[in-house]
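File shown here: data.txt, holding compact mmCIF, C-alpha atoms.
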```txt
# COMPACT_ATOMS: atom_id res chain seq x y z
CA MET A 1 -31.58 9.83 38.36
CA SER A 2 -30.76 11.21 34.93
CA LYS A 3 -29.36 8.89 32.31
CA PRO A 4 -25.71 9.34 31.32
CA ALA A 5 -25.24 11.28 28.11
CA ARG A 6 -24.98 9.17 25.00
CA ILE A 7 -21.48 9.06 23.55
CA ASP A 8 -21.03 9.03 19.77
CA GLY A 9 -18.06 6.68 19.47
CA ALA A 10 -16.88 7.85 16.04
CA ARG A 11 -16.87 11.53 16.99
CA GLU A 12 -15.26 10.73 20.33
CA ALA A 13 -12.49 8.86 18.49
CA ALA A 14 -11.93 11.79 16.14
CA PHE A 15 -11.80 14.20 19.09
CA ARG A 16 -9.21 12.09 20.91
CA CYS A 17 -7.06 11.86 17.80
CA VAL A 18 -7.17 15.62 17.21
CA ARG A 19 -6.44 16.26 20.89
CA ASP A 20 -3.49 13.86 20.96
CA VAL A 21 -1.98 15.39 17.83
CA ASP A 22 -2.45 19.02 18.85
CA ALA A 23 -1.71 18.73 22.57
CA ASP A 24 0.80 15.87 22.69
CA ASP A 25 2.45 16.06 19.25
CA ALA A 26 1.23 12.57 18.37
CA TYR A 27 1.14 11.30 14.79
CA ALA A 28 -2.42 10.80 13.59
CA ASN A 29 -1.72 7.58 11.70
CA LEU A 30 -0.09 6.08 14.79
CA ALA A 31 -2.61 7.38 17.32
CA MET A 32 -5.83 6.50 15.53
CA PRO A 33 -5.59 2.67 15.46
CA GLY A 34 -5.23 2.51 19.24
CA ILE A 35 -8.10 4.94 19.75
CA LEU A 36 -10.39 2.93 17.47
CA SER A 37 -9.44 -0.26 19.30
CA ALA A 38 -10.05 1.31 22.74
CA LEU A 39 -13.53 2.41 21.64
CA ASN A 40 -14.19 -0.91 19.86
CA LEU A 41 -14.95 0.80 16.55
CA GLY A 42 -14.81 -0.79 13.14
CA GLY A 43 -16.41 -0.61 9.72
CA ARG A 44 -18.32 2.56 8.94
CA ASP A 45 -17.77 4.09 12.37
CA ALA A 46 -13.99 3.67 12.07
CA ALA A 47 -14.03 5.09 8.54
CA PHE A 48 -16.13 8.08 9.64
CA ALA A 49 -13.85 8.76 12.62
CA THR A 50 -10.74 8.57 10.48
CA GLU A 51 -12.12 10.84 7.77
CA LEU A 52 -13.31 13.33 10.38
CA ALA A 53 -10.03 13.41 12.32
CA TYR A 54 -7.70 13.53 9.33
CA GLY A 55 -9.79 16.07 7.46
CA THR A 56 -10.03 18.26 10.54
CA LEU A 57 -6.28 18.16 11.12
CA ARG A 58 -5.62 18.99 7.49
CA MET A 59 -8.10 21.87 7.26
CA ARG A 60 -7.78 23.39 10.74
CA GLY A 61 -6.23 26.58 9.34
CA LEU A 62 -9.36 27.32 7.32
CA TYR A 63 -11.58 26.35 10.23
CA ASP A 64 -9.75 28.71 12.55
CA ALA A 65 -10.60 31.55 10.15
CA VAL A 66 -14.26 30.47 10.08
CA ILE A 67 -14.44 29.99 13.85
CA GLY A 68 -12.76 33.36 14.46
CA HIS A 69 -15.39 35.09 12.37
CA ALA A 70 -18.29 33.15 13.89
CA ALA A 71 -17.04 33.51 17.47
CA ARG A 72 -15.94 37.12 16.98
CA ARG A 73 -12.68 36.39 18.76
CA ASP A 74 -9.25 34.92 18.13
CA PRO A 75 -9.71 31.12 18.06
CA THR A 76 -6.37 30.64 19.81
CA ALA A 77 -7.91 32.34 22.85
CA LEU A 78 -10.53 29.61 23.17
CA ASP A 79 -10.03 26.75 25.61
CA SER A 80 -8.37 23.90 23.75
CA PRO A 81 -11.30 21.41 24.09
CA VAL A 82 -13.64 24.07 22.70
CA ARG A 83 -11.36 24.80 19.77
CA TRP A 84 -10.89 21.10 18.98
CA ALA A 85 -14.64 20.47 19.12
CA LEU A 86 -15.33 23.45 16.87
CA TRP A 87 -12.73 22.28 14.34
CA LEU A 88 -14.52 18.94 14.20
CA GLY A 89 -17.91 20.59 13.97
CA ALA A 90 -16.83 22.89 11.18
CA HIS A 91 -15.44 19.97 9.21
CA GLN A 92 -18.68 18.03 9.56
CA ALA A 93 -20.79 21.00 8.51
CA LEU A 94 -18.62 22.28 5.67
CA ALA A 95 -16.90 19.21 4.24
CA MET A 96 -18.76 16.02 5.21
CA ARG A 97 -22.41 16.75 4.38
CA VAL A 98 -23.45 16.09 7.95
CA PRO A 99 -26.89 17.70 8.51
CA ALA A 100 -26.65 21.06 10.26
CA HIS A 101 -28.66 20.01 13.31
CA ALA A 102 -26.44 16.97 13.85
CA ALA A 103 -23.22 18.94 13.39
CA VAL A 104 -24.40 21.46 15.98
CA SER A 105 -25.77 19.07 18.59
CA GLU A 106 -22.94 16.55 18.38
CA THR A 107 -20.33 19.31 18.63
CA VAL A 108 -22.03 20.77 21.68
CA ASP A 109 -22.09 17.30 23.28
CA LEU A 110 -18.38 16.81 22.57
CA ALA A 111 -17.46 20.20 23.97
CA ARG A 112 -19.59 19.69 27.09
CA ARG A 113 -18.06 16.27 27.72
CA HIS A 114 -14.47 17.48 27.40
CA GLY A 115 -14.75 21.14 28.41
CA GLY A 116 -17.54 21.11 30.98
CA PRO A 117 -21.14 22.37 30.88
CA ARG A 118 -20.18 26.05 30.97
CA VAL A 119 -18.81 25.92 27.38
CA ALA A 120 -22.00 24.55 25.82
CA PRO A 121 -23.74 27.92 25.18
CA LEU A 122 -20.69 29.37 23.42
CA VAL A 123 -20.17 26.28 21.25
CA ASN A 124 -23.86 26.15 20.40
CA ALA A 125 -23.84 29.81 19.32
CA VAL A 126 -20.69 29.49 17.23
CA MET A 127 -21.84 26.31 15.50
CA ARG A 128 -25.21 27.86 14.69
CA ARG A 129 -23.41 30.74 12.98
CA ILE A 130 -21.16 28.32 11.08
CA VAL A 131 -24.05 26.28 9.65
CA GLU A 132 -25.78 29.44 8.42
CA ARG A 133 -23.40 29.51 5.43
CA GLU A 134 -22.30 26.88 2.92
CA ALA A 135 -18.60 26.18 2.46
CA ASP A 136 -18.29 28.35 -0.67
CA ALA A 137 -19.87 31.28 1.12
CA TRP A 138 -17.39 30.95 3.99
CA LEU A 139 -14.49 30.82 1.54
CA ALA A 140 -15.71 33.98 -0.16
CA LEU A 141 -15.92 35.66 3.24
CA VAL A 142 -12.63 34.62 4.87
CA ALA A 143 -10.39 34.23 1.80
CA PRO A 144 -11.82 36.19 -1.11
CA SER A 145 -8.67 37.04 -3.10
CA ASN A 146 -5.91 35.24 -4.97
CA SER A 147 -3.20 36.57 -2.71
CA ARG A 148 -0.85 34.03 -1.15
CA ASP A 149 -2.26 34.89 2.29
CA ASP A 150 -5.80 34.09 1.16
CA MET A 151 -4.63 30.96 -0.63
CA ALA A 152 -3.06 29.89 2.67
CA ILE A 153 -6.43 30.28 4.42
CA ARG A 154 -8.48 28.79 1.60
CA HIS A 155 -6.33 25.68 1.32
CA SER A 156 -5.38 25.52 5.00
CA HIS A 157 -1.60 25.76 4.78
CA PRO A 158 0.66 27.84 7.04
CA ALA A 159 1.56 31.07 5.24
CA TRP A 160 5.29 30.32 5.36
CA VAL A 161 4.72 26.94 3.71
CA VAL A 162 2.72 28.59 0.92
CA LYS A 163 5.59 30.99 0.33
CA GLU A 164 8.15 28.18 0.19
CA LEU A 165 6.02 26.12 -2.19
CA GLY A 166 5.36 29.14 -4.38
CA ASP A 167 9.06 29.94 -4.59
CA ALA A 168 9.87 26.33 -5.46
CA LEU A 169 7.24 26.24 -8.20
CA SER A 170 8.56 29.48 -9.68
CA ALA A 171 12.11 28.12 -9.73
CA ASP A 172 10.79 25.04 -11.56
CA GLY A 173 9.01 27.08 -14.25
CA ARG A 174 5.56 26.51 -12.71
CA ALA A 175 4.82 29.94 -11.25
CA GLY A 176 1.11 29.82 -12.06
CA GLU A 177 0.44 26.46 -10.42
CA LEU A 178 0.45 27.29 -6.72
CA GLU A 179 -3.28 26.97 -6.15
CA ALA A 180 -3.33 23.64 -8.01
CA LEU A 181 -0.54 22.34 -5.79
CA LEU A 182 -2.25 23.47 -2.58
CA ALA A 183 -5.49 21.81 -3.68
CA ALA A 184 -3.63 18.60 -4.51
CA ASN A 185 -2.07 18.59 -1.04
CA ASN A 186 -5.59 18.42 0.38
CA SER A 187 -6.59 15.38 -1.70
CA PRO A 188 -5.49 12.22 0.15
CA ALA A 189 -3.17 10.11 -1.98
CA ARG A 190 -4.37 6.77 -3.28
CA VAL A 191 -2.46 3.74 -2.06
CA THR A 192 0.34 2.75 -4.45
CA LEU A 193 2.20 -0.56 -4.35
CA VAL A 194 5.62 -1.41 -5.73
CA ALA A 195 6.32 -4.82 -7.24
CA ARG A 196 9.89 -5.51 -6.24
CA PRO A 197 11.70 -6.76 -9.37
CA GLY A 198 12.65 -10.41 -9.30
CA LEU A 199 10.22 -11.10 -6.46
CA VAL A 200 6.88 -10.38 -8.13
CA ASP A 201 5.67 -8.82 -11.37
CA ARG A 202 3.23 -5.97 -11.13
CA SER A 203 0.83 -7.87 -13.42
CA GLU A 204 0.36 -10.25 -10.48
CA LEU A 205 -0.83 -7.45 -8.19
CA PRO A 206 -4.36 -6.03 -8.03
CA GLY A 207 -4.93 -2.45 -9.09
CA GLU A 208 -4.17 -0.23 -12.05
CA PRO A 209 -0.60 0.06 -13.39
CA THR A 210 0.97 3.39 -12.49
CA THR A 211 1.57 5.78 -15.36
CA LEU A 212 5.17 6.69 -14.50
CA SER A 213 6.76 3.89 -12.49
CA PRO A 214 7.20 0.59 -14.36
CA TRP A 215 6.89 -1.32 -11.06
CA GLY A 216 3.82 0.28 -9.48
CA VAL A 217 0.09 -0.29 -9.21
CA THR A 218 -2.54 1.95 -7.64
CA LEU A 219 -5.22 0.36 -5.47
CA ALA A 220 -8.85 1.41 -5.55
CA GLY A 221 -9.26 0.53 -1.88
CA GLY A 222 -8.97 -2.28 0.62
CA ASP A 223 -6.24 -3.33 3.00
CA PRO A 224 -2.88 -3.69 1.21
CA GLY A 225 -1.62 -5.88 4.04
CA ALA A 226 -4.15 -8.51 3.03
CA ILE A 227 -2.44 -8.97 -0.37
CA SER A 228 -0.22 -12.04 -0.22
CA ALA A 229 2.69 -10.46 -2.11
CA VAL A 230 2.70 -7.58 0.38
CA ALA A 231 2.51 -9.94 3.36
CA GLN A 232 5.48 -11.88 1.95
CA GLY A 233 7.57 -8.75 1.25
CA ALA A 234 7.61 -9.21 -2.53
CA ALA A 235 5.56 -6.01 -2.83
CA ALA A 236 4.99 -3.05 -0.54
CA VAL A 237 3.22 0.26 -0.19
CA GLN A 238 5.46 2.89 -1.78
CA ASP A 239 4.72 6.20 -3.47
CA GLU A 240 5.32 6.24 -7.21
CA GLY A 241 7.79 9.12 -6.88
CA SER A 242 9.78 7.19 -4.28
CA GLN A 243 9.99 4.27 -6.69
CA LEU A 244 11.29 6.52 -9.47
CA VAL A 245 14.04 8.25 -7.52
CA ALA A 246 15.40 4.91 -6.29
CA GLY A 247 15.14 3.40 -9.75
CA ALA A 248 16.99 6.34 -11.30
CA LEU A 249 20.13 5.48 -9.34
CA VAL A 250 20.18 2.12 -11.14
CA ALA A 251 18.96 3.36 -14.52
CA TYR A 252 21.50 6.18 -14.78
CA ARG A 253 24.09 3.81 -16.29
CA GLU A 254 24.66 0.10 -16.79
CA VAL A 255 25.45 -1.89 -13.67
CA GLU A 256 28.71 -3.84 -13.54
CA PRO A 257 28.58 -7.13 -11.59
CA GLY A 258 30.14 -6.81 -8.17
CA GLU A 259 29.17 -3.17 -7.63
CA GLN A 260 28.72 -2.06 -4.04
CA TRP A 261 25.84 0.29 -3.29
CA LEU A 262 24.94 2.34 -0.22
CA ASP A 263 21.63 3.65 1.10
CA MET A 264 22.86 6.21 3.62
CA CYS A 265 19.60 6.93 5.49
CA ALA A 266 17.69 3.72 4.85
CA GLY A 267 14.82 3.86 7.35
CA PRO A 268 12.05 2.86 7.10
CA GLY A 269 13.39 0.73 4.24
CA GLY A 270 11.20 1.10 1.18
CA LYS A 271 13.90 2.44 -1.13
CA ALA A 272 16.46 0.02 0.35
CA ALA A 273 14.23 -2.93 -0.46
CA LEU A 274 13.71 -1.73 -4.03
CA LEU A 275 17.45 -1.16 -4.49
CA GLY A 276 18.12 -4.56 -2.93
CA ALA A 277 15.82 -6.21 -5.47
CA PHE A 278 17.69 -4.46 -8.29
CA ALA A 279 21.04 -5.41 -6.77
CA ALA A 280 20.04 -9.07 -6.66
CA GLN A 281 19.19 -8.97 -10.36
CA HIS A 282 22.46 -7.28 -11.36
CA GLY A 283 24.96 -9.07 -9.17
CA ALA A 284 25.50 -6.07 -6.89
CA THR A 285 25.32 -5.71 -3.11
CA LEU A 286 23.73 -3.02 -0.93
CA GLN A 287 24.62 -1.66 2.47
CA ALA A 288 21.48 -0.19 4.02
CA ASN A 289 22.57 2.09 6.85
CA GLU A 290 20.33 3.70 9.43
CA LEU A 291 21.32 5.94 12.31
CA HIS A 292 18.24 5.55 14.50
CA GLU A 293 17.95 2.24 16.30
CA HIS A 294 14.16 2.10 16.26
CA ARG A 295 14.21 2.34 12.45
CA VAL A 296 16.86 -0.35 11.95
CA GLY A 297 14.26 -3.02 12.65
CA LEU A 298 11.95 -1.47 10.06
CA VAL A 299 14.72 -1.70 7.46
CA ARG A 300 15.43 -5.33 8.33
CA ARG A 301 11.77 -6.23 7.90
CA ALA A 302 11.56 -4.30 4.63
CA VAL A 303 14.47 -6.20 3.04
CA ALA A 304 13.65 -9.63 4.51
CA ALA A 305 12.43 -11.02 1.18
CA ILE A 306 15.59 -9.98 -0.72
CA PRO A 307 17.87 -13.00 -1.43
CA ASP A 308 20.43 -13.70 1.28
CA GLY A 309 23.78 -12.01 0.97
CA VAL A 310 22.56 -9.08 -1.12
CA VAL A 311 21.62 -6.53 1.56
CA THR A 312 23.54 -5.79 4.75
CA VAL A 313 21.75 -3.61 7.28
CA THR A 314 24.04 -1.49 9.45
CA HIS A 315 23.46 0.89 12.35
CA THR A 316 25.89 3.80 12.41
CA ASP A 317 26.31 7.47 11.55
CA SER A 318 26.58 7.77 7.77
CA ARG A 319 28.99 10.65 8.23
CA ALA A 320 31.56 8.11 9.51
CA LEU A 321 31.40 5.50 6.74
CA PRO A 322 34.58 4.19 5.05
CA PRO A 323 35.94 6.43 2.26
CA ALA A 324 35.69 5.60 -1.44
CA ALA A 325 33.92 2.29 -0.78
CA PHE A 326 30.77 2.45 -2.91
CA ASP A 327 29.92 2.59 -6.61
CA ARG A 328 26.45 4.09 -6.10
CA VAL A 329 25.10 6.02 -3.13
CA LEU A 330 21.52 6.99 -2.36
CA LEU A 331 21.15 9.87 0.09
CA ASP A 332 17.46 10.16 0.93
CA ALA A 333 18.12 13.04 3.29
CA PRO A 334 16.09 13.92 6.39
CA CYS A 335 13.90 16.88 5.45
CA THR A 336 10.78 18.83 6.35
CA GLY A 337 8.59 16.35 4.46
CA LEU A 338 6.59 19.17 2.90
CA GLY A 339 6.37 17.17 -0.32
CA ALA A 340 4.18 14.51 1.33
CA LEU A 341 1.38 16.63 2.77
CA ARG A 342 -1.26 14.48 1.07
CA ARG A 343 -0.28 11.57 3.30
CA ARG A 344 0.25 13.28 6.65
CA PRO A 345 -2.68 15.49 7.62
CA GLU A 346 -0.94 17.22 10.52
CA ALA A 347 2.55 17.55 8.99
CA ARG A 348 2.03 21.09 7.67
CA TRP A 349 1.38 22.34 11.22
CA ARG A 350 4.24 20.40 12.80
CA ARG A 351 7.07 22.22 11.00
CA THR A 352 8.27 25.80 11.44
CA PRO A 353 10.49 28.05 9.27
CA ALA A 354 13.32 27.51 11.76
CA ASP A 355 13.45 23.82 10.78
CA VAL A 356 14.67 24.54 7.26
CA PRO A 357 18.18 25.92 7.97
CA VAL A 358 18.80 23.27 10.64
CA LEU A 359 17.88 20.48 8.24
CA ALA A 360 19.78 22.11 5.39
CA GLU A 361 22.97 22.03 7.44
CA LEU A 362 22.47 18.32 8.15
CA GLN A 363 21.69 17.68 4.48
CA ALA A 364 24.90 19.44 3.45
CA GLU A 365 26.92 17.39 5.94
CA LEU A 366 25.42 14.15 4.67
CA LEU A 367 26.03 15.12 1.05
CA ALA A 368 29.67 15.84 1.90
CA ALA A 369 29.83 12.40 3.54
CA ALA A 370 28.35 10.84 0.39
CA ALA A 371 31.05 12.57 -1.67
CA GLY A 372 33.64 10.90 0.52
CA ALA A 373 32.00 7.47 0.58
CA VAL A 374 31.57 7.08 -3.19
CA LYS A 375 34.40 5.74 -5.33
CA PRO A 376 36.05 7.93 -7.99
CA GLY A 377 33.75 7.70 -11.00
CA GLY A 378 30.83 6.60 -8.79
CA ILE A 379 27.43 8.28 -8.61
CA VAL A 380 25.40 9.83 -5.82
CA ALA A 381 21.65 10.44 -5.85
CA TYR A 382 20.50 13.24 -3.54
CA VAL A 383 16.79 12.92 -2.71
CA THR A 384 14.37 14.84 -0.51
CA CYS A 385 10.63 14.52 0.01
CA SER A 386 10.48 18.30 0.00
CA PRO A 387 10.56 20.82 -2.83
CA VAL A 388 11.73 23.66 -0.55
CA LEU A 389 14.64 25.45 -2.23
CA GLY A 390 16.62 25.63 1.00
CA GLU A 391 16.62 21.84 1.12
CA THR A 392 17.06 21.13 -2.57
CA ARG A 393 18.78 23.50 -5.01
CA ASP A 394 20.55 25.46 -2.30
CA VAL A 395 22.07 22.33 -0.75
CA VAL A 396 23.07 20.99 -4.16
CA ALA A 397 24.74 24.31 -5.05
CA ARG A 398 26.95 24.02 -1.96
CA ALA A 399 28.20 20.50 -2.77
CA SER A 400 31.93 20.05 -3.28
CA GLY A 401 33.95 17.11 -4.53
CA LEU A 402 31.12 16.07 -6.86
CA GLU A 403 30.04 16.99 -10.39
CA LEU A 404 26.33 17.56 -10.99
CA VAL A 405 25.01 15.44 -13.89
CA ASP A 406 21.74 15.45 -15.79
CA VAL A 407 19.31 12.95 -14.24
CA ARG A 408 16.51 13.62 -16.74
CA PRO A 409 17.56 10.89 -19.21
CA ALA A 410 17.34 8.26 -16.45
CA ILE A 411 13.88 9.42 -15.41
CA ALA A 412 12.77 9.65 -19.04
CA SER A 413 13.94 6.10 -19.75
CA LEU A 414 12.11 4.72 -16.70
CA THR A 415 8.87 6.53 -17.45
CA GLY A 416 8.85 6.32 -21.26
CA THR A 417 8.57 10.09 -21.52
CA PRO A 418 10.60 12.75 -23.37
CA ARG A 419 13.52 14.26 -21.49
CA ARG A 420 12.19 17.74 -22.20
CA SER A 421 9.05 16.96 -20.20
CA TRP A 422 11.16 16.98 -17.01
CA GLY A 423 12.04 20.66 -17.09
CA ALA A 424 15.31 22.47 -17.61
CA GLY A 425 17.34 20.03 -15.50
CA PRO A 426 19.78 18.81 -14.52
CA HIS A 427 17.67 17.77 -11.53
CA VAL A 428 14.06 16.51 -11.51
CA GLN A 429 11.31 17.86 -9.27
CA LEU A 430 8.10 15.82 -9.02
CA TRP A 431 4.79 17.43 -8.02
CA PRO A 432 1.49 16.04 -6.66
CA HIS A 433 -0.67 18.18 -8.95
CA ALA A 434 1.42 17.53 -12.08
CA HIS A 435 2.63 13.94 -11.64
CA GLY A 436 0.33 12.44 -9.01
CA THR A 437 3.33 11.67 -6.78
CA ASP A 438 4.79 13.13 -3.65
CA ALA A 439 6.92 16.22 -4.35
CA MET A 440 10.21 14.30 -4.52
CA TYR A 441 13.38 16.12 -5.53
CA LEU A 442 16.25 14.26 -7.23
CA ALA A 443 19.71 15.48 -8.15
CA MET A 444 22.50 13.20 -9.39
CA PHE A 445 26.25 13.65 -9.01
CA GLN A 446 29.38 11.87 -10.19
CA ARG A 447 32.62 11.88 -8.27
CA PRO A 448 35.37 12.83 -10.71
CA PRO A 449 37.44 9.80 -11.79
CA GLY A 450 41.04 9.42 -10.72
```

Output the file's structure as structure tokens, nothing else.
Amino acid sequence: MSKPARIDGAREAAFRCVRDVDADDAYANLAMPGILSALNLGGRDAAFATELAYGTLRMRGLYDAVIGHAARRDPTALDSPVRWALWLGAHQALAMRVPAHAAVSETVDLARRHGGPRVAPLVNAVMRRIVEREADAWLALVAPSNSRDDMAIRHSHPAWVVKELGDALSADGRAGELEALLAANNSPARVTLVARPGLVDRSELPGEPTTLSPWGVTLAGGDPGAISAVAQGAAAVQDEGSQLVAGALVAYREVEPGEQWLDMCAGPGGKAALLGAFAAQHGATLQANELHEHRVGLVRRAVAAIPDGVVTVTHTDSRALPPAAFDRVLLDAPCTGLGALRRRPEARWRRTPADVPVLAELQAELLAAAAGAVKPGGIVAYVTCSPVLGETRDVVARASGLELVDVRPAIASLTGTPRRSWGAGPHVQLWPHAHGTDAMYLAMFQRPPG
């Protein structure tokens, strides 16, 4: 009797993660922990599996171009298990310094296990062609020019996303920076913590102080959940850009005691917790509202360490909030999330061009609701984690009942930088390649007094 084939647990975990994301629309960061647990993987094996899965999901566009050339056929015509195995094999061979013989043999084993013995000869032949060239040679073959189409292949972004990002950069005076942005999107973000004011000082947290946010630190590694301040809710994982756009709502002008603030779309609660910490310091209160029930619990947990009576978490549609009730409103609007591609390896493939106008309509409705909810003389911060013009400048241009104001002085005061360094204004657009943050967009409005 023949022995059962050996299973490489780390590669099997990566395959299952890629399969679940591509076939079942799972989220990699949610799927992977359960897969690792089911296969009893930890330490180096878990780290290898995670790097392999996330890198494969991020770079699958490039690998499709390589596989198509090596297989001499459209990769979308391949059986799904074959295509998934070849993505993983290409990533090992071209990005992870796995020896060629191991990349080939392990990929064939994966494909045979999930696609049946008949696929092994094809996968073996394709992988042997892939390992004949180094990564740079493949790039020169499948994406030789500086056209946007070749940039899309080279940096593994959908072509429509490249166009949207290029247009947004041009509008922000950064027309020559597209390739730098695409490259930055493929460099996983380091973990950044926020020290919630009044609960902990950032000097008490491990890591290097962030260069822009006065409340952040960047970790070199390790599990942030093991840090006591994080476990207690005095600190949390939060992108530096997210910290700045929330802080700008407070920094824009002096807070009067008794002010009432609103976070319209509060889930999962990071910005609400930071605003709640500021509110506690300034004698203000915050209503953190969230439409989706499953996210309400996340908001409650996020603000649990804020002093009692400061934050009220509500569950309703923000388009039906009481009129003229709030002094400051944060609208962190639902968006495509194309500004956070460093953090979500599969996100670029999950969205389509049709999502943009649908989201823009919702964003416009929510901004109109914010205009109604803020008091005369009050301020509204409109935020997206997307630089796409259809979700940012175009939505802002349609706003009525509000006056656009210059947010650059608030950002400059928080970051200790000159106002002129934040572009032509009046909004601020952050960029991964330029600021080391997610591509957060921030515009500020005032409702006319009287």

Is there a way to get, as a compact mmCIF listing (two decimals) with C-alpha atoms, in the frame of the given file, all residues within 12 Å of the point (-2.9, 12.7, 24.1) in file coordinates, counting only C-alpha atoms?
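So the final result, stored in selection_31.txt, reads:
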```
# COMPACT_ATOMS: atom_id res chain seq x y z
CA ALA A 13 -12.49 8.86 18.49
CA PHE A 15 -11.80 14.20 19.09
CA ARG A 16 -9.21 12.09 20.91
CA CYS A 17 -7.06 11.86 17.80
CA VAL A 18 -7.17 15.62 17.21
CA ARG A 19 -6.44 16.26 20.89
CA ASP A 20 -3.49 13.86 20.96
CA VAL A 21 -1.98 15.39 17.83
CA ASP A 22 -2.45 19.02 18.85
CA ALA A 23 -1.71 18.73 22.57
CA ASP A 24 0.80 15.87 22.69
CA ASP A 25 2.45 16.06 19.25
CA ALA A 26 1.23 12.57 18.37
CA TYR A 27 1.14 11.30 14.79
CA ALA A 28 -2.42 10.80 13.59
CA LEU A 30 -0.09 6.08 14.79
CA ALA A 31 -2.61 7.38 17.32
CA MET A 32 -5.83 6.50 15.53
CA GLY A 34 -5.23 2.51 19.24
CA ILE A 35 -8.10 4.94 19.75
```

Mind checking which residues fall within 12 Å of stretch 134-144 of chain A, counting only C-alpha atoms, ignoring those fewer than 5 positions away in the same chain, and posting them as a PyMOL selection string? chain A and resi 61-70+90-100+129+149-156

Exercise: stretch 167-184 of chain A partners within 7 Å, all atoms listed in the file, chain neighbours under 2 positions left out, as number ranges by chain: A: 151, 155, 163-165, 186-187, 387-389, 432-433

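For the atom pair formed by atom CA of A:Gly233 and atom CA of A:Arg295, the distance is 17.1 Å, given to one decimal.
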
Kindly provide, as an MDAnalysis selection string, the polymer residues lying within 12 Å of (-12.9, 1.5, 22.0), counting all atoms listed in the file and using the coordinates exactly as they appear in the file. chainID A and resid 7:14 16 32:42 45:46 49

Spatial neighbours of A:Val296, 12 Å, all atoms listed in the file, chain gap at least 4 places, as JSON, numbers by chain: {"A": [265, 266, 267, 268, 269, 272, 288, 289, 290, 291, 292, 300, 301, 302, 303, 312, 313, 314, 315, 316]}

Skipping near chain neighbours, those fewer than 6 positions away, what residues fall within 8 Å of A:Gly337 using only C-alpha atoms, listed as JSON, numbers by chain? {"A": [347, 384, 385, 386]}

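Around A:Pro206, within 12 Å and counting all atoms listed in the file, the residues found are Val191, Thr192, Leu193, Val194, Ala195, Asp201, Arg202, Thr210, Gly216, Val217, Thr218, Leu219, Ala220, Gly221, Gly222, Asp223, Pro224, Ala226, Ile227, Ser228, Ala229, Val230 and Ala235 of chain A, once anything fewer than 4 positions away on its own chain is removed.
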
Please produce stretch 273-284 of chain A, completed to N, CA and C atoms, as a PDB file, in the frame of the given file.
```pdb
ATOM      1  N   ALA A 273      14.742  -1.667   0.041  1.00  0.00           N
ATOM      2  CA  ALA A 273      14.230  -2.930  -0.460  1.00  0.00           C
ATOM      3  C   ALA A 273      14.160  -2.942  -1.984  1.00  0.00           C
ATOM      4  N   LEU A 274      13.761  -1.804  -2.573  1.00  0.00           N
ATOM      5  CA  LEU A 274      13.710  -1.730  -4.030  1.00  0.00           C
ATOM      6  C   LEU A 274      15.115  -1.808  -4.617  1.00  0.00           C
ATOM      7  N   LEU A 275      16.062  -1.080  -4.020  1.00  0.00           N
ATOM      8  CA  LEU A 275      17.450  -1.160  -4.490  1.00  0.00           C
ATOM      9  C   LEU A 275      18.010  -2.565  -4.280  1.00  0.00           C
ATOM     10  N   GLY A 276      17.665  -3.203  -3.172  1.00  0.00           N
ATOM     11  CA  GLY A 276      18.120  -4.560  -2.930  1.00  0.00           C
ATOM     12  C   GLY A 276      17.618  -5.532  -3.985  1.00  0.00           C
ATOM     13  N   ALA A 277      16.363  -5.351  -4.407  1.00  0.00           N
ATOM     14  CA  ALA A 277      15.820  -6.210  -5.470  1.00  0.00           C
ATOM     15  C   ALA A 277      16.586  -5.994  -6.777  1.00  0.00           C
ATOM     16  N   PHE A 278      16.886  -4.738  -7.095  1.00  0.00           N
ATOM     17  CA  PHE A 278      17.690  -4.460  -8.290  1.00  0.00           C
ATOM     18  C   PHE A 278      19.091  -5.050  -8.150  1.00  0.00           C
ATOM     19  N   ALA A 279      19.691  -4.891  -6.990  1.00  0.00           N
ATOM     20  CA  ALA A 279      21.040  -5.410  -6.770  1.00  0.00           C
ATOM     21  C   ALA A 279      21.098  -6.917  -6.983  1.00  0.00           C
ATOM     22  N   ALA A 280      20.085  -7.622  -6.494  1.00  0.00           N
ATOM     23  CA  ALA A 280      20.040  -9.070  -6.660  1.00  0.00           C
ATOM     24  C   ALA A 280      20.000  -9.463  -8.128  1.00  0.00           C
ATOM     25  N   GLN A 281      19.301  -8.676  -8.935  1.00  0.00           N
ATOM     26  CA  GLN A 281      19.190  -8.970 -10.360  1.00  0.00           C
ATOM     27  C   GLN A 281      20.492  -8.695 -11.113  1.00  0.00           C
ATOM     28  N   HIS A 282      21.286  -7.742 -10.621  1.00  0.00           N
ATOM     29  CA  HIS A 282      22.460  -7.280 -11.360  1.00  0.00           C
ATOM     30  C   HIS A 282      23.783  -7.748 -10.766  1.00  0.00           C
ATOM     31  N   GLY A 283      23.722  -8.585  -9.752  1.00  0.00           N
ATOM     32  CA  GLY A 283      24.960  -9.070  -9.170  1.00  0.00           C
ATOM     33  C   GLY A 283      25.680  -8.036  -8.328  1.00  0.00           C
ATOM     34  N   ALA A 284      24.940  -7.102  -7.760  1.00  0.00           N
ATOM     35  CA  ALA A 284      25.500  -6.070  -6.890  1.00  0.00           C
ATOM     36  C   ALA A 284      25.123  -6.374  -5.444  1.00  0.00           C
TER      37      ALA A 284
END
```
